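Engineer: Below is the structure I would like to discuss, written out as structure tokens.
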Amino acid sequence: MAMQAEDIERLIKESIPDAQVTIQDLRGDGDHYAALVVSSAFKDKTRIQQHQMVYEALRGRMGGELHALALQTAVPEDA
Amino acid sequence: MNEPLIERIEADIKNNDVVLYMKGSPMFPQCGFSAAVVEVLDHFGVQFKGIDVLQDPAIRQGIKEYSNWPTIPQLYVKGEFIGGCDIVREMAATGELATLFKEKGIKTHAA
């Protein structure tokens, strides 16, 4: 089972409204993505906590129907 | 998640300085993400215990609940969850991982 890039972006933005999400379909197969998520909500959070926030936004899909999402998180420079 | 399972996980991550929950063994990883973390640890020359979750469905599910982290691999240093493949690679690239090993007293090639 695969997920569309737009669905990943939508789910992330539902939970983290100010997130800037950049998604790359690494193999063009709808199954291996890389995502960069930038949000002020990540401020003062550890990297593990930032990734957990994104995983929570994906509501259980990560590790299931979404096999591979290479994740990078960051705080905007002006936050 | 039952008590004996938590106790097993805690015993493993407390009795071994560096533990990698992974798919396959350190010699024969069965997944590219697990292989990538093994490669990082080998690069540092760090001794670690690999735990193959494919051999044990209870641990495979249990470790995800233990850390609230949905994927394998998972790296633990001195009992603390450090991250999965993305975080470990990022920390290796920025030098944070070298600092962490040093601070935690983990022997590497460099030390």
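Residues are named by chain letter and number: chains run A, B, ... in the order of the structure tokens, numbers start at 1 in each chain, and ligands are numbered from 1 in the order shown.
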Using only C-alpha atoms, find the residues of chain B whose closest atom to chain A is at most 8 Å away, then write them as a compact mmCIF listing (two decimals) with C-alpha atoms, in the first residue's frame.
Structural biologist:
```txt
# COMPACT_ATOMS: atom_id res chain seq x y z
CA ASN B 68 6.80 5.69 21.18
CA TRP B 69 8.66 5.39 17.90
CA PRO B 70 7.00 3.68 14.93
CA THR B 71 9.96 2.29 13.05
CA ILE B 82 18.89 8.17 20.56
CA GLY B 83 16.82 7.81 17.40
CA ASP B 86 17.47 9.57 9.95
CA ILE B 87 18.48 11.01 13.31
```
Engineer: List the spatial neighbours of Asn15 (chain B) as a list in words - criterion: any atom at most 12 Å away, only C-alpha atoms, same-chain residues fewer than 6 positions off excluded.
Structural biologist: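 My list of contacting residues is Glu7, Arg8, Ile9, Phe48, Lys49, Tyr76, Val77, Lys78 and Gly79 of chain B.
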Engineer: Those same residues, written as a CSV table (one decimal), in the first residue's frame with N, CA and C atoms?
Structural biologist:
```csv
chain,number,residue,atom,x,y,z
B,7,GLU,N,10.6,-5.5,31.1
B,7,GLU,CA,11.8,-5.9,31.8
B,7,GLU,C,12.9,-6.4,30.9
B,8,ARG,N,12.5,-7.2,29.9
B,8,ARG,CA,13.5,-7.7,29.0
B,8,ARG,C,14.2,-6.5,28.2
B,9,ILE,N,13.4,-5.6,27.7
B,9,ILE,CA,13.9,-4.5,27.0
B,9,ILE,C,14.9,-3.6,27.9
B,48,PHE,N,28.6,-2.9,19.7
B,48,PHE,CA,27.2,-2.8,20.1
B,48,PHE,C,26.6,-4.2,20.0
B,49,LYS,N,25.4,-4.2,20.7
B,49,LYS,CA,24.6,-5.5,20.7
B,49,LYS,C,23.5,-5.2,19.7
B,76,TYR,N,20.0,2.7,21.0
B,76,TYR,CA,20.0,3.1,22.5
B,76,TYR,C,21.5,3.2,22.9
B,77,VAL,N,21.8,4.2,23.6
B,77,VAL,CA,23.1,4.4,24.2
B,77,VAL,C,22.9,4.6,25.7
B,78,LYS,N,23.6,3.7,26.5
B,78,LYS,CA,23.5,3.8,28.0
B,78,LYS,C,22.0,3.9,28.4
B,79,GLY,N,21.1,3.1,27.8
B,79,GLY,CA,19.7,3.1,28.2
B,79,GLY,C,18.9,4.2,27.6
```
Engineer: What lies within 12 Å of Asp52 (chain B) using only C-alpha atoms, ignoring chain neighbours under 3 positions off, as a list of chain:residue names?
Structural biologist: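 The neighbour list is B:Val19, B:Leu20, B:Tyr21, B:Met22, B:Lys23, B:Gly24, B:Ser25, B:Pro26, B:Met27, B:Phe28, B:Pro29, B:Gln30, B:Cys31, B:Ser34, B:Lys49, B:Gln55, B:Asp56, B:Pro57, B:Ala58, B:Ile59, B:Arg60, B:Ile63, B:Ile72, B:Pro73, B:Gln74.
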Engineer: Can those selected residues be exported to a file as a PDB file, in the first residue's frame so that it contains N, CA and C atoms?
Structural biologist:
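As written to disk, selection_13.pdb reads:
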```pdb
ATOM      1  N   VAL B  19      22.999  -0.471  22.083  1.00  0.00           N
ATOM      2  CA  VAL B  19      22.098  -1.524  21.591  1.00  0.00           C
ATOM      3  C   VAL B  19      21.386  -1.009  20.342  1.00  0.00           C
ATOM      4  N   LEU B  20      21.362  -1.848  19.317  1.00  0.00           N
ATOM      5  CA  LEU B  20      20.624  -1.505  18.110  1.00  0.00           C
ATOM      6  C   LEU B  20      19.533  -2.549  17.862  1.00  0.00           C
ATOM      7  N   TYR B  21      18.276  -2.096  17.970  1.00  0.00           N
ATOM      8  CA  TYR B  21      17.154  -2.948  17.543  1.00  0.00           C
ATOM      9  C   TYR B  21      17.072  -2.818  16.031  1.00  0.00           C
ATOM     10  N   MET B  22      17.160  -3.917  15.341  1.00  0.00           N
ATOM     11  CA  MET B  22      17.300  -3.864  13.886  1.00  0.00           C
ATOM     12  C   MET B  22      16.626  -5.060  13.221  1.00  0.00           C
ATOM     13  N   LYS B  23      16.518  -4.966  11.893  1.00  0.00           N
ATOM     14  CA  LYS B  23      16.033  -6.106  11.121  1.00  0.00           C
ATOM     15  C   LYS B  23      17.245  -6.829  10.563  1.00  0.00           C
ATOM     16  N   GLY B  24      17.403  -8.094  10.960  1.00  0.00           N
ATOM     17  CA  GLY B  24      18.574  -8.863  10.582  1.00  0.00           C
ATOM     18  C   GLY B  24      19.656  -8.713  11.639  1.00  0.00           C
ATOM     19  N   SER B  25      20.839  -9.236  11.316  1.00  0.00           N
ATOM     20  CA  SER B  25      21.953  -9.186  12.262  1.00  0.00           C
ATOM     21  C   SER B  25      22.955  -8.139  11.795  1.00  0.00           C
ATOM     22  N   PRO B  26      23.858  -7.692  12.684  1.00  0.00           N
ATOM     23  CA  PRO B  26      24.875  -6.724  12.244  1.00  0.00           C
ATOM     24  C   PRO B  26      25.675  -7.218  11.026  1.00  0.00           C
ATOM     25  N   MET B  27      25.911  -8.517  10.956  1.00  0.00           N
ATOM     26  CA  MET B  27      26.636  -9.065   9.795  1.00  0.00           C
ATOM     27  C   MET B  27      25.749  -9.094   8.545  1.00  0.00           C
ATOM     28  N   PHE B  28      24.475  -9.396   8.745  1.00  0.00           N
ATOM     29  CA  PHE B  28      23.553  -9.511   7.612  1.00  0.00           C
ATOM     30  C   PHE B  28      22.253  -8.743   7.852  1.00  0.00           C
ATOM     31  N   PRO B  29      22.327  -7.412   7.760  1.00  0.00           N
ATOM     32  CA  PRO B  29      21.099  -6.629   7.936  1.00  0.00           C
ATOM     33  C   PRO B  29      20.100  -6.969   6.830  1.00  0.00           C
ATOM     34  N   GLN B  30      18.810  -6.969   7.212  1.00  0.00           N
ATOM     35  CA  GLN B  30      17.765  -7.344   6.249  1.00  0.00           C
ATOM     36  C   GLN B  30      16.996  -6.124   5.734  1.00  0.00           C
ATOM     37  N   CYS B  31      17.496  -4.942   6.028  1.00  0.00           N
ATOM     38  CA  CYS B  31      16.774  -3.732   5.659  1.00  0.00           C
ATOM     39  C   CYS B  31      17.794  -2.615   5.493  1.00  0.00           C
ATOM     40  N   SER B  34      18.351  -0.355   8.604  1.00  0.00           N
ATOM     41  CA  SER B  34      19.162  -1.000   9.641  1.00  0.00           C
ATOM     42  C   SER B  34      20.631  -1.052   9.211  1.00  0.00           C
ATOM     43  N   LYS B  49      25.415  -4.241  20.707  1.00  0.00           N
ATOM     44  CA  LYS B  49      24.630  -5.469  20.660  1.00  0.00           C
ATOM     45  C   LYS B  49      23.498  -5.249  19.665  1.00  0.00           C
ATOM     46  N   GLN B  55      13.345 -11.914  14.506  1.00  0.00           N
ATOM     47  CA  GLN B  55      13.326 -13.201  15.219  1.00  0.00           C
ATOM     48  C   GLN B  55      12.310 -13.186  16.353  1.00  0.00           C
ATOM     49  N   ASP B  56      11.730 -12.033  16.640  1.00  0.00           N
ATOM     50  CA  ASP B  56      10.933 -11.914  17.847  1.00  0.00           C
ATOM     51  C   ASP B  56       9.811 -10.874  17.684  1.00  0.00           C
ATOM     52  N   PRO B  57       8.643 -11.324  17.239  1.00  0.00           N
ATOM     53  CA  PRO B  57       7.536 -10.396  16.982  1.00  0.00           C
ATOM     54  C   PRO B  57       7.122  -9.588  18.227  1.00  0.00           C
ATOM     55  N   ALA B  58       7.260 -10.172  19.425  1.00  0.00           N
ATOM     56  CA  ALA B  58       6.864  -9.454  20.641  1.00  0.00           C
ATOM     57  C   ALA B  58       7.785  -8.256  20.866  1.00  0.00           C
ATOM     58  N   ILE B  59       9.075  -8.467  20.669  1.00  0.00           N
ATOM     59  CA  ILE B  59      10.033  -7.361  20.819  1.00  0.00           C
ATOM     60  C   ILE B  59       9.835  -6.349  19.697  1.00  0.00           C
ATOM     61  N   ARG B  60       9.564  -6.836  18.499  1.00  0.00           N
ATOM     62  CA  ARG B  60       9.376  -5.935  17.356  1.00  0.00           C
ATOM     63  C   ARG B  60       8.273  -4.920  17.639  1.00  0.00           C
ATOM     64  N   ILE B  63       9.148  -2.798  21.330  1.00  0.00           N
ATOM     65  CA  ILE B  63      10.137  -1.716  21.350  1.00  0.00           C
ATOM     66  C   ILE B  63       9.540  -0.435  20.760  1.00  0.00           C
ATOM     67  N   ILE B  72      11.720   0.673  12.981  1.00  0.00           N
ATOM     68  CA  ILE B  72      12.984   0.006  13.281  1.00  0.00           C
ATOM     69  C   ILE B  72      13.933   0.442  12.149  1.00  0.00           C
ATOM     70  N   PRO B  73      15.172   0.723  12.382  1.00  0.00           N
ATOM     71  CA  PRO B  73      15.986   0.515  13.592  1.00  0.00           C
ATOM     72  C   PRO B  73      15.794   1.569  14.673  1.00  0.00           C
ATOM     73  N   GLN B  74      16.221   1.187  15.886  1.00  0.00           N
ATOM     74  CA  GLN B  74      16.253   2.112  17.018  1.00  0.00           C
ATOM     75  C   GLN B  74      17.574   1.923  17.764  1.00  0.00           C
TER      76      GLN B  74
END
```
Engineer: Please report the interatomic distance between CA of Ala35 (chain B) and CA of Lys64 (chain B) in Å with one decimal.
Structural biologist: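 That distance, rounded to one decimal, is 18.6 Å.
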Engineer: I'd like the contact shell of Gln20 (chain A) - 8 Å cut-off, only C-alpha atoms, skipping same-chain residues fewer than 4 positions apart - returned as a tab-separated table (two decimals) with N, CA and C atoms, in the first residue's frame.
Structural biologist:
```tsv
chain	number	residue	atom	x	y	z
A	36	LEU	N	10.95	17.20	4.43
A	36	LEU	CA	11.53	18.23	5.28
A	36	LEU	C	10.36	19.01	5.87
A	37	VAL	N	10.29	19.06	7.18
A	37	VAL	CA	9.20	19.76	7.84
A	37	VAL	C	9.79	20.88	8.70
A	38	VAL	N	9.38	22.10	8.40
A	38	VAL	CA	9.89	23.26	9.14
A	38	VAL	C	8.71	23.89	9.88
A	39	SER	N	8.84	24.04	11.20
A	39	SER	CA	7.74	24.63	11.97
A	39	SER	C	8.26	25.26	13.25
```
Engineer: Pull the strand (DSSP E) assignments for chain A out of DSSP run on the backbone, and list those residues as a PyMOL selection string.
Structural biologist: chain A and resi 20-25+32-38+68-74
